[in-house]
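Enquirer: Quick one: this structure, given as structure tokens, is what I'll be asking you about.
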Amino acid sequence: MAIYRLISESTDGWMNLAVDEFLLGRQKTDDVILYFYVNKNAVIIGRNQNAWRECRLDAMERDGARLVRRHTGGGAVYHDEGNLNFSFITGERSYSLDRQMGVIRRAVERFGIKTELSGRNDVLADGRKFSGNAYGLRGNMRAHHGTLLINSDMAKLGGYLNVSEKKLRAKGVESVRSRVINLSELCPGITVQALREAVLDEFEKEYGSSSELKLEKNEHREIERLYREQASWEWRLGKTPEFDVMVSERLSFGEFELLLTLKGAAVDDAKMHTDALDTELSHIVCDAICGKRFDRAEIADALFETGVPQAAEIAEYILAKGFYTGEING
């Protein structure tokens, strides 16, 4: 097993996420990589989220904040130079969320800050979130990446993220700013560099001594290709879909927004936006219902038949609540 570290010198969110995606695609299953990066003034959204709904794009454009869409699921987060980002990228056999979360929590606790896990993807201090995490897979490779809020601009965080009232109610708080915390509030002396060094030290205690990852020329060319994709309007925003019917709600796996285009009283096209961690859920749901009659029972049956629990939960919601007011079949 080869243990590597990689520290990005760039603060360009498109570049840093391109490298993150590239590392997952290398398919070197005996490698364990810890990748650090810091993004300057950016909002990072999940693979299947609707940017128009999740972000205040006009405020971001005014301030020159970049919109970055990552290759994993999960929700929208704000990044700036007071936020440290990390990625564990390993083969399937070496992947362990408990070990990886342990590295992060022990590093933070070195600064006298008590941490706790909340669900599968949040880490809290003083009852508030300082780290959100997301997960990806490609072939036999696994990725776990997350944020560490150290001294981030909370005004911009609250100003750029358009967090739904349903999500806030589920967390029992009044605003996105009230549910997150900078670690510097609890330890004024903590810095991005100091925490990065602590995380790296705990990583090496857990996995062994690391060496710096060196990338070949051909690998840099592939990163440039992924960068162009990251920077493209099509990847970040895409075309706003036209639709006839919408259903949206927050369920146990997160929020979803299902948009249906109808033709001849059947589903001609479907788009789904969600902050679910499962990046395949949108494809599964849309593939299942395309071509079905616009009938809540038929659509629900198609979702049940996928055998996917999250799709079944959407089916149960549709059976109980239907679609938006004005639903064609009442």
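Chain labels run A, B, ... following the order of the structure tokens; each chain numbers its residues from 1, and ligands are numbered from 1 in the order shown.
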Using only C-alpha atoms, which residues sit within 9 Å of Glu249 (chain A) once same-chain residues fewer than 4 positions away are excluded, as a PyMOL selection string?

Expert: chain A and resi 166+254-257+314+317

Enquirer: Counting only C-alpha atoms, which residues of region 132-169 of chain A fall within 10 Å of region 32-54 of chain A, and what is the closest atom pair for each with its distance in Å at one decimal, ordered by chain and rising number, as a Markdown table?

Expert:
```
| residue | atom | partner | partner_atom | distance |
| --- | --- | --- | --- | --- |
| A:Ala134 | CA | A:Gly46 | CA | 8.7 |
| A:Arg142 | CA | A:Val32 | CA | 10.0 |
| A:Ala143 | CA | A:Ile33 | CA | 9.5 |
| A:His144 | CA | A:Leu34 | CA | 9.8 |
| A:His145 | CA | A:Tyr35 | CA | 8.9 |
| A:Gly146 | CA | A:Phe36 | CA | 9.9 |
| A:Thr147 | CA | A:Val38 | CA | 9.4 |
| A:Ser152 | CA | A:Asn41 | CA | 9.8 |
| A:Asp153 | CA | A:Asn41 | CA | 9.2 |
| A:Lys156 | CA | A:Asn41 | CA | 8.6 |
| A:Leu157 | CA | A:Val43 | CA | 8.5 |
| A:Tyr160 | CA | A:Val43 | CA | 7.4 |
| A:Leu161 | CA | A:Glu54 | CA | 6.2 |
| A:Asn162 | CA | A:Glu54 | CA | 5.0 |
| A:Val163 | CA | A:Glu54 | CA | 6.4 |
| A:Ser164 | CA | A:Glu54 | CA | 8.0 |
```

Enquirer: Excluding region 219-224 of chain A and residues on its chain fewer than 5 positions from it, collect all residues at most 10 Å away from it, counting only C-alpha atoms, and give them as a ChimeraX atom specification.

Expert: /A:15-23,26,214,229-230

Enquirer: Which residues come within 12 Å of Ile299 (chain A), counting only C-alpha atoms, excluding same-chain residues fewer than 2 positions away, as an MDAnalysis selection string?

Expert: chainID A and resid 260 266:267 270 285:297 301:306 311:312 314:319 322:323

Enquirer: Export, as a tab-separated table (two decimals), in the first residue's frame, the selected residues with N, CA and C atoms.

Expert:
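Listing of result-v2.tsv after writing:
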```tsv
chain	number	residue	atom	x	y	z
A	260	LEU	N	-41.34	17.05	-14.42
A	260	LEU	CA	-41.82	16.15	-15.46
A	260	LEU	C	-42.34	16.94	-16.66
A	266	ALA	N	-48.43	11.19	-20.88
A	266	ALA	CA	-47.38	10.31	-20.38
A	266	ALA	C	-46.13	11.14	-20.09
A	267	VAL	N	-45.23	10.59	-19.32
A	267	VAL	CA	-44.00	11.30	-18.97
A	267	VAL	C	-43.02	11.17	-20.13
A	270	ALA	N	-37.98	13.56	-17.75
A	270	ALA	CA	-37.95	13.80	-16.31
A	270	ALA	C	-36.57	14.29	-15.91
A	285	VAL	N	-34.41	7.25	-10.68
A	285	VAL	CA	-35.79	7.73	-10.62
A	285	VAL	C	-36.29	8.14	-12.01
A	286	CYS	N	-35.50	8.93	-12.72
A	286	CYS	CA	-35.94	9.43	-14.03
A	286	CYS	C	-36.08	8.30	-15.05
A	287	ASP	N	-35.13	7.37	-15.06
A	287	ASP	CA	-35.23	6.24	-15.98
A	287	ASP	C	-36.47	5.40	-15.71
A	288	ALA	N	-36.82	5.27	-14.43
A	288	ALA	CA	-37.95	4.43	-14.06
A	288	ALA	C	-39.29	4.99	-14.53
A	289	ILE	N	-39.41	6.32	-14.53
A	289	ILE	CA	-40.75	6.89	-14.78
A	289	ILE	C	-40.93	7.41	-16.20
A	290	CYS	N	-39.84	7.59	-16.96
A	290	CYS	CA	-40.01	8.05	-18.33
A	290	CYS	C	-40.81	7.01	-19.14
A	291	GLY	N	-41.80	7.49	-19.88
A	291	GLY	CA	-42.65	6.62	-20.68
A	291	GLY	C	-43.88	6.14	-19.93
A	292	LYS	N	-43.95	6.37	-18.62
A	292	LYS	CA	-45.12	5.94	-17.86
A	292	LYS	C	-46.26	6.95	-18.02
A	293	ARG	N	-47.48	6.45	-17.89
A	293	ARG	CA	-48.63	7.35	-17.92
A	293	ARG	C	-48.56	8.32	-16.75
A	294	PHE	N	-49.07	9.53	-16.96
A	294	PHE	CA	-49.10	10.50	-15.87
A	294	PHE	C	-50.25	10.14	-14.92
A	295	ASP	N	-49.97	9.14	-14.15
A	295	ASP	CA	-50.92	8.61	-13.18
A	295	ASP	C	-50.12	8.30	-11.93
A	296	ARG	N	-50.54	8.83	-10.80
A	296	ARG	CA	-49.70	8.73	-9.62
A	296	ARG	C	-49.44	7.27	-9.22
A	297	ALA	N	-50.42	6.39	-9.40
A	297	ALA	CA	-50.23	4.99	-9.04
A	297	ALA	C	-49.21	4.32	-9.97
A	301	ASP	N	-45.66	2.91	-8.77
A	301	ASP	CA	-45.31	1.50	-8.98
A	301	ASP	C	-43.94	1.38	-9.64
A	302	ALA	N	-43.70	2.24	-10.63
A	302	ALA	CA	-42.41	2.19	-11.32
A	302	ALA	C	-41.26	2.49	-10.36
A	303	LEU	N	-41.49	3.41	-9.44
A	303	LEU	CA	-40.45	3.74	-8.46
A	303	LEU	C	-40.26	2.61	-7.46
A	304	PHE	N	-41.34	1.99	-7.02
A	304	PHE	CA	-41.22	0.84	-6.12
A	304	PHE	C	-40.42	-0.29	-6.77
A	305	GLU	N	-40.64	-0.48	-8.07
A	305	GLU	CA	-40.00	-1.60	-8.77
A	305	GLU	C	-38.49	-1.44	-8.88
A	306	THR	N	-37.96	-0.25	-8.66
A	306	THR	CA	-36.51	-0.07	-8.72
A	306	THR	C	-35.81	-0.81	-7.58
A	311	ALA	N	-36.12	5.82	-3.72
A	311	ALA	CA	-37.14	5.91	-4.76
A	311	ALA	C	-38.50	5.49	-4.22
A	312	ALA	N	-38.51	4.47	-3.36
A	312	ALA	CA	-39.76	4.03	-2.74
A	312	ALA	C	-40.34	5.12	-1.85
A	314	ILE	N	-40.00	8.34	-2.33
A	314	ILE	CA	-40.62	9.32	-3.24
A	314	ILE	C	-41.97	8.80	-3.71
A	315	ALA	N	-42.04	7.50	-4.02
A	315	ALA	CA	-43.31	6.89	-4.45
A	315	ALA	C	-44.39	7.05	-3.38
A	316	GLU	N	-44.03	6.79	-2.15
A	316	GLU	CA	-45.00	6.91	-1.05
A	316	GLU	C	-45.48	8.35	-0.91
A	317	TYR	N	-44.55	9.30	-1.09
A	317	TYR	CA	-44.93	10.70	-1.01
A	317	TYR	C	-45.90	11.07	-2.13
A	318	ILE	N	-45.59	10.62	-3.36
A	318	ILE	CA	-46.46	10.93	-4.50
A	318	ILE	C	-47.84	10.31	-4.30
A	319	LEU	N	-47.91	9.10	-3.80
A	319	LEU	CA	-49.21	8.47	-3.55
A	319	LEU	C	-50.01	9.25	-2.53
A	322	GLY	N	-49.59	13.54	-4.18
A	322	GLY	CA	-49.74	13.91	-5.58
A	322	GLY	C	-48.67	14.89	-6.02
A	323	PHE	N	-48.99	15.69	-7.02
A	323	PHE	CA	-48.06	16.67	-7.55
A	323	PHE	C	-48.52	18.07	-7.13
```

Enquirer: Can you list, as a list in words, every protein, DNA or RNA residue that comes within 9 Å of Leu124 (chain A) when you count only C-alpha atoms, leaving out same-chain residues fewer than 4 positions away?

Expert: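 Here the answer would be Lys114, Thr115, Glu116, Leu117, Ser118, Arg128, Lys129, Phe130, Ser131, Val180 and Ile181 of chain A.
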
Enquirer: Take the residues just selected and output them with N, CA, C and O atoms as a compact mmCIF listing (two decimals), in the first residue's frame.

Expert:
```txt
# COMPACT_ATOMS: atom_id res chain seq x y z
N LYS A 114 -14.03 19.84 21.37
CA LYS A 114 -14.72 18.56 21.38
C LYS A 114 -15.60 18.45 20.14
O LYS A 114 -16.32 19.38 19.78
N THR A 115 -15.56 17.29 19.47
CA THR A 115 -16.34 17.10 18.25
C THR A 115 -17.32 15.95 18.42
O THR A 115 -17.16 15.08 19.28
N GLU A 116 -18.34 15.96 17.56
CA GLU A 116 -19.31 14.86 17.52
C GLU A 116 -19.83 14.70 16.10
O GLU A 116 -19.90 15.66 15.33
N LEU A 117 -20.17 13.46 15.77
CA LEU A 117 -20.76 13.17 14.46
C LEU A 117 -22.25 13.42 14.51
O LEU A 117 -22.91 13.15 15.51
N SER A 118 -22.79 13.90 13.41
CA SER A 118 -24.23 14.09 13.27
C SER A 118 -24.63 13.44 11.95
O SER A 118 -24.28 13.94 10.87
N ARG A 128 -22.88 22.81 16.66
CA ARG A 128 -23.02 23.39 15.32
C ARG A 128 -22.02 22.77 14.36
O ARG A 128 -20.96 22.29 14.74
N LYS A 129 -22.36 22.80 13.08
CA LYS A 129 -21.59 22.12 12.05
C LYS A 129 -20.36 22.92 11.64
O LYS A 129 -20.45 24.09 11.33
N PHE A 130 -19.20 22.25 11.64
CA PHE A 130 -17.99 22.86 11.08
C PHE A 130 -17.45 22.06 9.91
O PHE A 130 -16.53 22.50 9.23
N SER A 131 -18.00 20.85 9.69
CA SER A 131 -17.51 20.01 8.60
C SER A 131 -18.67 19.26 7.96
O SER A 131 -19.42 18.55 8.65
N VAL A 180 -24.03 26.70 11.59
CA VAL A 180 -22.62 26.41 11.34
C VAL A 180 -21.74 27.25 12.27
O VAL A 180 -22.19 28.24 12.84
N ILE A 181 -20.50 26.81 12.41
CA ILE A 181 -19.58 27.51 13.31
C ILE A 181 -18.17 27.47 12.74
O ILE A 181 -17.74 26.47 12.15
```

Enquirer: Rounded to one decimal place, report the CA of Ser209 (chain A)-CA of Glu197 (chain A) distance in Å.

Expert: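 Taking CA of Ser209 (chain A) and CA of Glu197 (chain A), their separation equals 13.6 Å.
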
Enquirer: Which residue gives the smallest distance to Met246 (chain A) among A:Phe88, A:Leu57, A:Thr279, A:Thr261, with only C-alpha atoms counted?

Expert: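 Looking at the shortest contact to Met246 (chain A), the residue is A:Thr261.
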
Enquirer: What gap, in Å, lies between CA of Leu258 (chain A) and CA of Arg56 (chain A)?

Expert: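 A separation of 20.7 Å between them.
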
Enquirer: Mind the document's chain letters and residue numbers, and return as a ChimeraX atom specification the residues of region 51-276 of chain A that DSSP labels strand (DSSP E or B).

Expert: /A:55,66-69,77-79,83-91,116-118,122-125,128-138,141-149,161,180,211-212,245-251,254-263,266-274

Enquirer: Need to verify the contact set: Arg105 (chain A), 12 Å, only C-alpha atoms, exclusion of same-chain residues closer than 5 positions in sequence. Can you return it as a compact mmCIF listing (two decimals) with all heavy atoms, in the first residue's frame?

Expert:
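What follows is the written file part_11.txt:
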```
# COMPACT_ATOMS: atom_id res chain seq x y z
N LEU A 97 -14.66 4.77 6.45
CA LEU A 97 -15.17 6.06 6.88
C LEU A 97 -14.84 6.31 8.35
O LEU A 97 -14.52 7.44 8.74
CB LEU A 97 -16.68 6.14 6.65
CG LEU A 97 -17.32 7.50 6.88
CD1 LEU A 97 -16.68 8.58 6.03
CD2 LEU A 97 -18.82 7.42 6.59
N ASP A 98 -14.87 5.26 9.17
CA ASP A 98 -14.54 5.43 10.59
C ASP A 98 -13.11 5.90 10.77
O ASP A 98 -12.83 6.80 11.57
CB ASP A 98 -14.75 4.11 11.34
CG ASP A 98 -16.21 3.75 11.52
OD1 ASP A 98 -17.07 4.66 11.38
OD2 ASP A 98 -16.51 2.59 11.80
N ARG A 99 -12.18 5.29 10.04
CA ARG A 99 -10.77 5.70 10.15
C ARG A 99 -10.58 7.13 9.66
O ARG A 99 -9.87 7.93 10.28
CB ARG A 99 -9.87 4.76 9.34
CG ARG A 99 -9.78 3.36 9.87
CD ARG A 99 -8.86 2.50 9.00
NE ARG A 99 -7.45 2.79 9.22
CZ ARG A 99 -6.47 2.25 8.52
NH1 ARG A 99 -6.73 1.41 7.52
NH2 ARG A 99 -5.19 2.54 8.78
N GLN A 100 -11.20 7.45 8.53
CA GLN A 100 -11.03 8.78 7.94
C GLN A 100 -11.64 9.87 8.82
O GLN A 100 -11.00 10.91 9.06
CB GLN A 100 -11.65 8.76 6.54
CG GLN A 100 -10.89 7.86 5.58
CD GLN A 100 -11.74 7.14 4.55
OE1 GLN A 100 -11.35 6.10 4.03
NE2 GLN A 100 -12.94 7.66 4.27
N ARG A 110 -7.13 18.25 18.88
CA ARG A 110 -5.81 18.71 19.36
C ARG A 110 -5.87 20.16 19.83
O ARG A 110 -5.05 20.60 20.64
CB ARG A 110 -4.78 18.62 18.25
CG ARG A 110 -4.25 17.24 17.94
CD ARG A 110 -3.07 17.41 17.01
NE ARG A 110 -2.46 16.15 16.62
CZ ARG A 110 -1.28 16.07 16.03
NH1 ARG A 110 -0.60 17.18 15.76
NH2 ARG A 110 -0.77 14.90 15.69
N PHE A 111 -6.83 20.91 19.28
CA PHE A 111 -6.94 22.33 19.61
C PHE A 111 -7.92 22.56 20.76
O PHE A 111 -8.37 23.69 20.98
CB PHE A 111 -7.38 23.11 18.36
CG PHE A 111 -6.37 23.07 17.26
CD1 PHE A 111 -6.36 22.02 16.33
CD2 PHE A 111 -5.39 24.05 17.15
CE1 PHE A 111 -5.41 21.97 15.32
CE2 PHE A 111 -4.45 24.01 16.13
CZ PHE A 111 -4.45 22.96 15.23
N GLY A 112 -8.24 21.50 21.50
CA GLY A 112 -9.12 21.63 22.65
C GLY A 112 -10.59 21.75 22.30
O GLY A 112 -11.39 22.21 23.11
N ILE A 113 -10.96 21.31 21.10
CA ILE A 113 -12.34 21.42 20.63
C ILE A 113 -12.97 20.04 20.61
O ILE A 113 -12.50 19.15 19.90
CB ILE A 113 -12.40 22.05 19.22
CG1 ILE A 113 -11.77 23.44 19.22
CG2 ILE A 113 -13.84 22.10 18.71
CD1 ILE A 113 -11.56 24.03 17.83
N LYS A 114 -14.03 19.84 21.37
CA LYS A 114 -14.72 18.56 21.38
C LYS A 114 -15.60 18.45 20.14
O LYS A 114 -16.32 19.38 19.78
CB LYS A 114 -15.57 18.44 22.64
CG LYS A 114 -16.24 17.08 22.80
CD LYS A 114 -17.03 17.00 24.09
CE LYS A 114 -17.70 15.63 24.21
NZ LYS A 114 -18.51 15.52 25.46
N THR A 115 -15.56 17.29 19.47
CA THR A 115 -16.34 17.10 18.25
C THR A 115 -17.32 15.95 18.42
O THR A 115 -17.16 15.08 19.28
CB THR A 115 -15.42 16.79 17.05
OG1 THR A 115 -14.85 15.48 17.22
CG2 THR A 115 -14.32 17.82 16.92
N GLU A 116 -18.34 15.96 17.56
CA GLU A 116 -19.31 14.86 17.52
C GLU A 116 -19.83 14.70 16.10
O GLU A 116 -19.90 15.66 15.33
CB GLU A 116 -20.47 15.11 18.48
CG GLU A 116 -21.27 16.37 18.16
CD GLU A 116 -22.44 16.57 19.10
OE1 GLU A 116 -23.22 15.62 19.28
OE2 GLU A 116 -22.58 17.69 19.64
N LEU A 117 -20.17 13.46 15.77
CA LEU A 117 -20.76 13.17 14.46
C LEU A 117 -22.25 13.42 14.51
O LEU A 117 -22.91 13.15 15.51
CB LEU A 117 -20.49 11.72 14.06
CG LEU A 117 -19.03 11.34 13.81
CD1 LEU A 117 -18.93 9.85 13.53
CD2 LEU A 117 -18.45 12.13 12.66
N ASP A 122 -22.02 15.04 8.69
CA ASP A 122 -21.72 16.29 9.38
C ASP A 122 -20.88 16.01 10.63
O ASP A 122 -21.10 15.01 11.32
CB ASP A 122 -22.99 17.03 9.81
CG ASP A 122 -23.78 17.59 8.63
OD1 ASP A 122 -23.25 17.59 7.50
OD2 ASP A 122 -24.93 18.01 8.83
N VAL A 123 -19.95 16.93 10.93
CA VAL A 123 -19.21 16.89 12.19
C VAL A 123 -19.49 18.22 12.89
O VAL A 123 -19.42 19.29 12.28
CB VAL A 123 -17.70 16.70 11.97
CG1 VAL A 123 -17.01 16.43 13.32
CG2 VAL A 123 -17.41 15.57 10.99
N LEU A 124 -19.81 18.13 14.19
CA LEU A 124 -20.24 19.29 14.96
C LEU A 124 -19.25 19.62 16.06
O LEU A 124 -18.54 18.75 16.57
CB LEU A 124 -21.61 19.04 15.61
CG LEU A 124 -22.75 18.48 14.76
CD1 LEU A 124 -24.02 18.39 15.59
CD2 LEU A 124 -22.97 19.31 13.50
N ALA A 125 -19.26 20.89 16.45
CA ALA A 125 -18.57 21.36 17.65
C ALA A 125 -19.51 22.36 18.31
O ALA A 125 -20.08 23.22 17.63
CB ALA A 125 -17.24 22.03 17.29
N PHE A 130 -19.20 22.25 11.64
CA PHE A 130 -17.99 22.86 11.08
C PHE A 130 -17.45 22.06 9.91
O PHE A 130 -16.53 22.50 9.23
CB PHE A 130 -16.91 23.03 12.15
CG PHE A 130 -16.30 21.73 12.62
CD1 PHE A 130 -15.22 21.17 11.96
CD2 PHE A 130 -16.80 21.09 13.74
CE1 PHE A 130 -14.66 19.98 12.40
CE2 PHE A 130 -16.25 19.90 14.19
CZ PHE A 130 -15.17 19.34 13.51
N SER A 131 -18.00 20.85 9.69
CA SER A 131 -17.51 20.01 8.60
C SER A 131 -18.67 19.26 7.96
O SER A 131 -19.42 18.55 8.65
CB SER A 131 -16.48 18.99 9.13
OG SER A 131 -16.05 18.13 8.10
N LEU A 148 -13.68 22.04 6.30
CA LEU A 148 -13.37 22.37 7.69
C LEU A 148 -13.44 23.90 7.81
O LEU A 148 -12.56 24.60 7.31
CB LEU A 148 -12.00 21.85 8.08
CG LEU A 148 -11.84 20.32 8.13
CD1 LEU A 148 -10.37 19.94 8.21
CD2 LEU A 148 -12.62 19.74 9.30
N LEU A 195 -4.18 23.61 11.18
CA LEU A 195 -5.09 22.47 11.15
C LEU A 195 -4.68 21.48 10.07
O LEU A 195 -4.75 20.27 10.27
CB LEU A 195 -6.53 22.93 10.94
CG LEU A 195 -7.59 21.82 10.98
CD1 LEU A 195 -7.49 20.99 12.25
CD2 LEU A 195 -8.99 22.40 10.83
N ALA A 198 -2.00 19.39 11.45
CA ALA A 198 -2.52 18.45 12.44
C ALA A 198 -3.21 17.27 11.75
O ALA A 198 -3.06 16.11 12.15
CB ALA A 198 -3.49 19.16 13.38
N VAL A 199 -4.00 17.56 10.70
CA VAL A 199 -4.68 16.49 9.96
C VAL A 199 -3.65 15.56 9.32
O VAL A 199 -3.78 14.33 9.37
CB VAL A 199 -5.65 17.06 8.91
CG1 VAL A 199 -6.19 15.95 8.02
CG2 VAL A 199 -6.79 17.82 9.57
N GLU A 202 -2.05 13.31 11.94
CA GLU A 202 -2.95 12.23 12.36
C GLU A 202 -3.12 11.19 11.25
O GLU A 202 -3.26 10.00 11.52
CB GLU A 202 -4.31 12.80 12.78
CG GLU A 202 -4.29 13.61 14.07
CD GLU A 202 -3.95 12.76 15.29
OE1 GLU A 202 -4.13 11.51 15.24
OE2 GLU A 202 -3.51 13.33 16.30
N PHE A 203 -3.12 11.66 10.02
CA PHE A 203 -3.20 10.75 8.86
C PHE A 203 -2.01 9.79 8.86
O PHE A 203 -2.16 8.57 8.67
CB PHE A 203 -3.24 11.59 7.59
CG PHE A 203 -3.12 10.82 6.30
CD1 PHE A 203 -4.15 10.01 5.85
CD2 PHE A 203 -1.98 10.92 5.52
CE1 PHE A 203 -4.05 9.31 4.66
CE2 PHE A 203 -1.87 10.23 4.32
CZ PHE A 203 -2.90 9.42 3.90
```
